[in-house]
Amino acid sequence: MNTTIKAGLLLNAIKAPYEIFMKLCENYEPEDLFKGESFWEELEMSKSVQNRLAGIIAKDGWAERELEHAEKLDARFITAQDLDYPEKLRDLKKPPIGIYIRGNANILSLPSVAIVGTRKCSSYGHDVAYRLASLASQRNIIIISGGAKGIDASAHRGCLDFDGRTVAVFGTGLEKTYPAEHKELFSRILEHGALITEYPMTSGGEVWRFSERNRIIAALASRVVIVESPEGGGAMKTANLGLELGREVLSVPGRINEDSFKGSNELLNKGTGALTSLEEFINSIAGNTQFEINLDDNSNKSHEDSQNALSLNSDEEKIIYSLIQKHERITTDDLLSESGLDFVTIQGVLIELEANGLINGEAGRYSLAIR
C-alpha cells in the first residue's frame, strides 16, 4: 500500500488535525508515522490524538482492510496530497485529511451550487429545489447537496431528471445507504456524478457527523442556496459556513407564518441575498448564455397560437398548459390533483413550458406568460 494513503487513512480515521498530516508529508516520510511516541511528539500531536493513533495502529492491518473495503465498492480515498483533492476544501479552518469518493472526482472542481434545506419541506420548497436544480443542470452547473430527504432529494432528482451532474455528501461511510429509501437515488447519482464522505467506510449515521459534513457541502460549492429551513436546521449551519468561507449565500423567501421557513427568512434579515427569480439567478452564474432549450422571442404570438405550437410536443404539455390557462394562476398541488399526472412529469413539463416562454412561475404558482 502507498504509505501516504496509509498514513492518510489512519490519521483521517482518528480525526487528527489536517496540519499534522501535511507536516508529516512535507517535512518527513509518511512511514515515519509508525516510529512511535517520540516522533508523534515531534509532530506536535496532542496526547488525545496520540492515544487514538496508538489504538488504531494496534488493530493490525486496519488501513489495508479499509482500502480493500473501499475498492470493493469502486471507491477511492483521496488525501490532501493527491492532485484530485478538491482545492476548495482547503478554504476550511479544519479541512478533511482525505475524502472517500465513488464516481467522478473531476466534477468537484467545476462551477457548482449547493441546494439545501429541511427534510420536512413544503410542496413549495420541494418545487423550488427541483426547478432550480433542473434549470442549473441545463447550464452545466453541478448540484451539491446532502442526499437527505426533503430539499436535498428534490435537488438531486431535479438535476438527474434533466441529465445533470450532482454530488451527494454523506454523513456516513460510503457503505451505508442513509436514508435506506434513497438506494435508487444514490445509484442514479453514481451514473452522473459522485458520492463523497470524509468518514471511514462503515461509519454510522451519528447526528454529529451530519452536522460536521455540512462544512464539506459549503466548501465544495461556488454558491449556496437555502430553499427552506427552520431555525436551528442543518441548512442554517451550511449557510453560516458558506458566509464564513466567502461563498455567495442566497435564501428563498418563504411564508412568515410557517416554522419551516423561519430560519431561511431570518437569513434574509441578516443580509443574505434573496433568490426571487430562478431564471435570473441561473443566468447570473452561467454567463447569461442561452438555455439548451431555445427561448421563443416572438412577443406577438397569442395564447391560442402558443398552444397550437405545442402540437408537436407531448399530451402532458397540452394538459398542463390547458389547466394553467383555465385557472389563470395554479399551484403544483392543484396540477397534481387535476391533471392525473405524477409529480416528476409535472415538474418536467413546467420547466419545458417556462423555458420556452409560455408560462411564468412565481411563489409556487403558475400563469400563462404575457405575450
# chains A, B, ... in the order shown; residues from 1 in each chain; ligands from 1

$ select_by_dssp --residues "stretch 112-282 of chain A" --states "alpha helix (DSSP H)" --output "PDB file with C-alpha atoms, in the first residue's frame"
ATOM      1  CA  SER A 123     -44.578  21.299  -1.553  1.00  0.00           C
ATOM      2  CA  TYR A 124     -43.414  24.835  -2.372  1.00  0.00           C
ATOM      3  CA  GLY A 125     -39.890  24.109  -1.125  1.00  0.00           C
ATOM      4  CA  HIS A 126     -39.869  20.808  -2.979  1.00  0.00           C
ATOM      5  CA  ASP A 127     -40.964  22.603  -6.149  1.00  0.00           C
ATOM      6  CA  VAL A 128     -38.323  25.343  -5.891  1.00  0.00           C
ATOM      7  CA  ALA A 129     -35.461  22.919  -5.166  1.00  0.00           C
ATOM      8  CA  TYR A 130     -36.431  20.670  -8.068  1.00  0.00           C
ATOM      9  CA  ARG A 131     -36.852  23.510 -10.572  1.00  0.00           C
ATOM     10  CA  LEU A 132     -33.671  25.303  -9.508  1.00  0.00           C
ATOM     11  CA  ALA A 133     -31.619  22.129  -9.886  1.00  0.00           C
ATOM     12  CA  SER A 134     -33.279  21.351 -13.219  1.00  0.00           C
ATOM     13  CA  LEU A 135     -32.519  24.759 -14.684  1.00  0.00           C
ATOM     14  CA  ALA A 136     -28.962  24.744 -13.336  1.00  0.00           C
ATOM     15  CA  SER A 137     -28.273  21.299 -14.766  1.00  0.00           C
ATOM     16  CA  ILE A 151     -34.998  19.558  -0.135  1.00  0.00           C
ATOM     17  CA  ASP A 152     -31.788  17.571  -0.736  1.00  0.00           C
ATOM     18  CA  ALA A 153     -33.575  14.754  -2.553  1.00  0.00           C
ATOM     19  CA  SER A 154     -35.626  17.201  -4.630  1.00  0.00           C
ATOM     20  CA  ALA A 155     -32.447  18.970  -5.746  1.00  0.00           C
ATOM     21  CA  HIS A 156     -30.696  15.740  -6.685  1.00  0.00           C
ATOM     22  CA  ARG A 157     -33.741  14.466  -8.603  1.00  0.00           C
ATOM     23  CA  GLY A 158     -34.317  17.759 -10.390  1.00  0.00           C
ATOM     24  CA  CYS A 159     -30.750  17.587 -11.650  1.00  0.00           C
ATOM     25  CA  LEU A 160     -30.841  13.913 -12.616  1.00  0.00           C
ATOM     26  CA  LYS A 183     -30.758   3.461  -2.581  1.00  0.00           C
ATOM     27  CA  GLU A 184     -32.086   4.004  -6.103  1.00  0.00           C
ATOM     28  CA  LEU A 185     -31.388   7.748  -5.925  1.00  0.00           C
ATOM     29  CA  PHE A 186     -27.771   7.159  -4.964  1.00  0.00           C
ATOM     30  CA  SER A 187     -27.392   4.658  -7.803  1.00  0.00           C
ATOM     31  CA  ARG A 188     -28.617   7.315 -10.223  1.00  0.00           C
ATOM     32  CA  ILE A 189     -26.215   9.867  -8.756  1.00  0.00           C
ATOM     33  CA  LEU A 190     -23.318   7.462  -9.300  1.00  0.00           C
ATOM     34  CA  GLU A 191     -24.149   7.286 -13.002  1.00  0.00           C
ATOM     35  CA  HIS A 192     -23.957  11.062 -13.414  1.00  0.00           C
ATOM     36  CA  VAL A 207     -26.080  13.157  14.438  1.00  0.00           C
ATOM     37  CA  TRP A 208     -22.757  14.959  14.838  1.00  0.00           C
ATOM     38  CA  ARG A 209     -21.499  13.552  11.548  1.00  0.00           C
ATOM     39  CA  PHE A 210     -24.333  15.149   9.573  1.00  0.00           C
ATOM     40  CA  SER A 211     -23.702  18.472  11.268  1.00  0.00           C
ATOM     41  CA  GLU A 212     -19.966  18.215  10.576  1.00  0.00           C
ATOM     42  CA  ARG A 213     -20.385  17.203   6.926  1.00  0.00           C
ATOM     43  CA  ASN A 214     -22.243  20.472   6.227  1.00  0.00           C
ATOM     44  CA  ARG A 215     -18.890  22.250   6.101  1.00  0.00           C
ATOM     45  CA  ILE A 216     -17.914  19.988   3.175  1.00  0.00           C
ATOM     46  CA  ILE A 217     -21.069  20.978   1.275  1.00  0.00           C
ATOM     47  CA  ALA A 218     -20.430  24.674   1.899  1.00  0.00           C
ATOM     48  CA  ALA A 219     -16.763  24.459   0.905  1.00  0.00           C
ATOM     49  CA  LEU A 220     -17.284  22.494  -2.297  1.00  0.00           C
ATOM     50  CA  GLY A 234     -28.649  21.883   9.473  1.00  0.00           C
ATOM     51  CA  ALA A 235     -29.053  24.066   6.401  1.00  0.00           C
ATOM     52  CA  MET A 236     -28.569  27.117   8.610  1.00  0.00           C
ATOM     53  CA  LYS A 237     -25.146  25.832   9.596  1.00  0.00           C
ATOM     54  CA  THR A 238     -24.328  25.296   5.933  1.00  0.00           C
ATOM     55  CA  ALA A 239     -25.382  28.885   5.217  1.00  0.00           C
ATOM     56  CA  ASN A 240     -23.265  30.330   8.026  1.00  0.00           C
ATOM     57  CA  LEU A 241     -20.271  28.248   6.978  1.00  0.00           C
ATOM     58  CA  GLY A 242     -20.751  29.447   3.406  1.00  0.00           C
ATOM     59  CA  LEU A 243     -20.694  33.050   4.584  1.00  0.00           C
ATOM     60  CA  GLU A 244     -17.530  32.417   6.616  1.00  0.00           C
ATOM     61  CA  LYS A 262     -38.229  30.790   9.968  1.00  0.00           C
ATOM     62  CA  GLY A 263     -34.537  30.033   9.558  1.00  0.00           C
ATOM     63  CA  SER A 264     -34.314  30.839   5.870  1.00  0.00           C
ATOM     64  CA  ASN A 265     -36.327  34.033   6.348  1.00  0.00           C
ATOM     65  CA  GLU A 266     -34.035  35.023   9.223  1.00  0.00           C
ATOM     66  CA  LEU A 267     -31.070  34.748   6.859  1.00  0.00           C
ATOM     67  CA  LEU A 268     -32.703  37.443   4.745  1.00  0.00           C
ATOM     68  CA  ASN A 269     -32.831  39.697   7.811  1.00  0.00           C
ATOM     69  CA  LEU A 278     -34.728  31.201 -10.623  1.00  0.00           C
ATOM     70  CA  GLU A 279     -34.014  32.270 -14.186  1.00  0.00           C
ATOM     71  CA  GLU A 280     -32.166  35.456 -13.193  1.00  0.00           C
ATOM     72  CA  PHE A 281     -30.087  33.547 -10.672  1.00  0.00           C
ATOM     73  CA  ILE A 282     -29.128  30.857 -13.181  1.00  0.00           C
TER      74      ILE A 282
END

$ closest_residue --among "A:Gly55, A:Gly205, A:Gly364, A:Pro179" --to "A:Asp334" --atoms "only C-alpha atoms"
A:Gly364

$ residues_around --residues "A:Cys121" --least-positions-apart "6" --cutoff "8 Å" --atoms "only C-alpha atoms" --output "NGL selection string"
:A and (150-151 or 228 or 260)

$ write_last_selection --atoms "N, CA and C atoms" --output "CSV table (one decimal), in the first residue's frame"
chain,number,residue,atom,x,y,z
A,150,GLY,N,-36.4,15.3,1.6
A,150,GLY,CA,-36.8,16.7,1.5
A,150,GLY,C,-36.1,17.5,0.5
A,151,ILE,N,-35.6,18.6,0.8
A,151,ILE,CA,-35.0,19.6,-0.1
A,151,ILE,C,-33.8,18.9,-0.9
A,228,GLU,N,-35.5,26.2,2.1
A,228,GLU,CA,-36.4,26.2,3.2
A,228,GLU,C,-35.8,25.6,4.4
A,260,SER,N,-41.2,26.1,9.2
A,260,SER,CA,-40.2,25.5,8.3
A,260,SER,C,-39.4,26.6,7.5

$ select_by_dssp --residues "stretch 31-103 of chain A" --states "strand (DSSP E or B)" --output "PyMOL selection string"
chain A and resi 75-79+98-103

$ residues_around --residues "stretch 83-87 of chain A" --least-positions-apart "5" --cutoff "8 Å" --atoms "only C-alpha atoms" --output "PDB file with C-alpha atoms, in the first residue's frame"
ATOM      1  CA  ILE A  78      -8.026  10.829  -1.884  1.00  0.00           C
ATOM      2  CA  GLY A  98      -8.884  12.967   2.884  1.00  0.00           C
ATOM      3  CA  ILE A  99     -12.192  12.066   1.303  1.00  0.00           C
ATOM      4  CA  ALA A 105     -13.847  13.120  -8.867  1.00  0.00           C
ATOM      5  CA  ASN A 106     -13.242  15.636 -11.660  1.00  0.00           C
ATOM      6  CA  LEU A 108     -15.748  18.509  -7.747  1.00  0.00           C
ATOM      7  CA  SER A 109     -13.719  21.371  -9.189  1.00  0.00           C
ATOM      8  CA  LEU A 220     -17.284  22.494  -2.297  1.00  0.00           C
TER       9      LEU A 220
END

$ residues_around --residues "stretch 314-321 of chain A" --least-positions-apart "4" --cutoff "9 Å" --atoms "only C-alpha atoms" --output "list in words"
Gln307, Leu310, Gln325, Lys326, Leu335, Ser339, Leu341, Thr345, Ile346, Val349, Leu350, Glu352, Leu353, Leu358, Ile359 and Leu368 of chain A
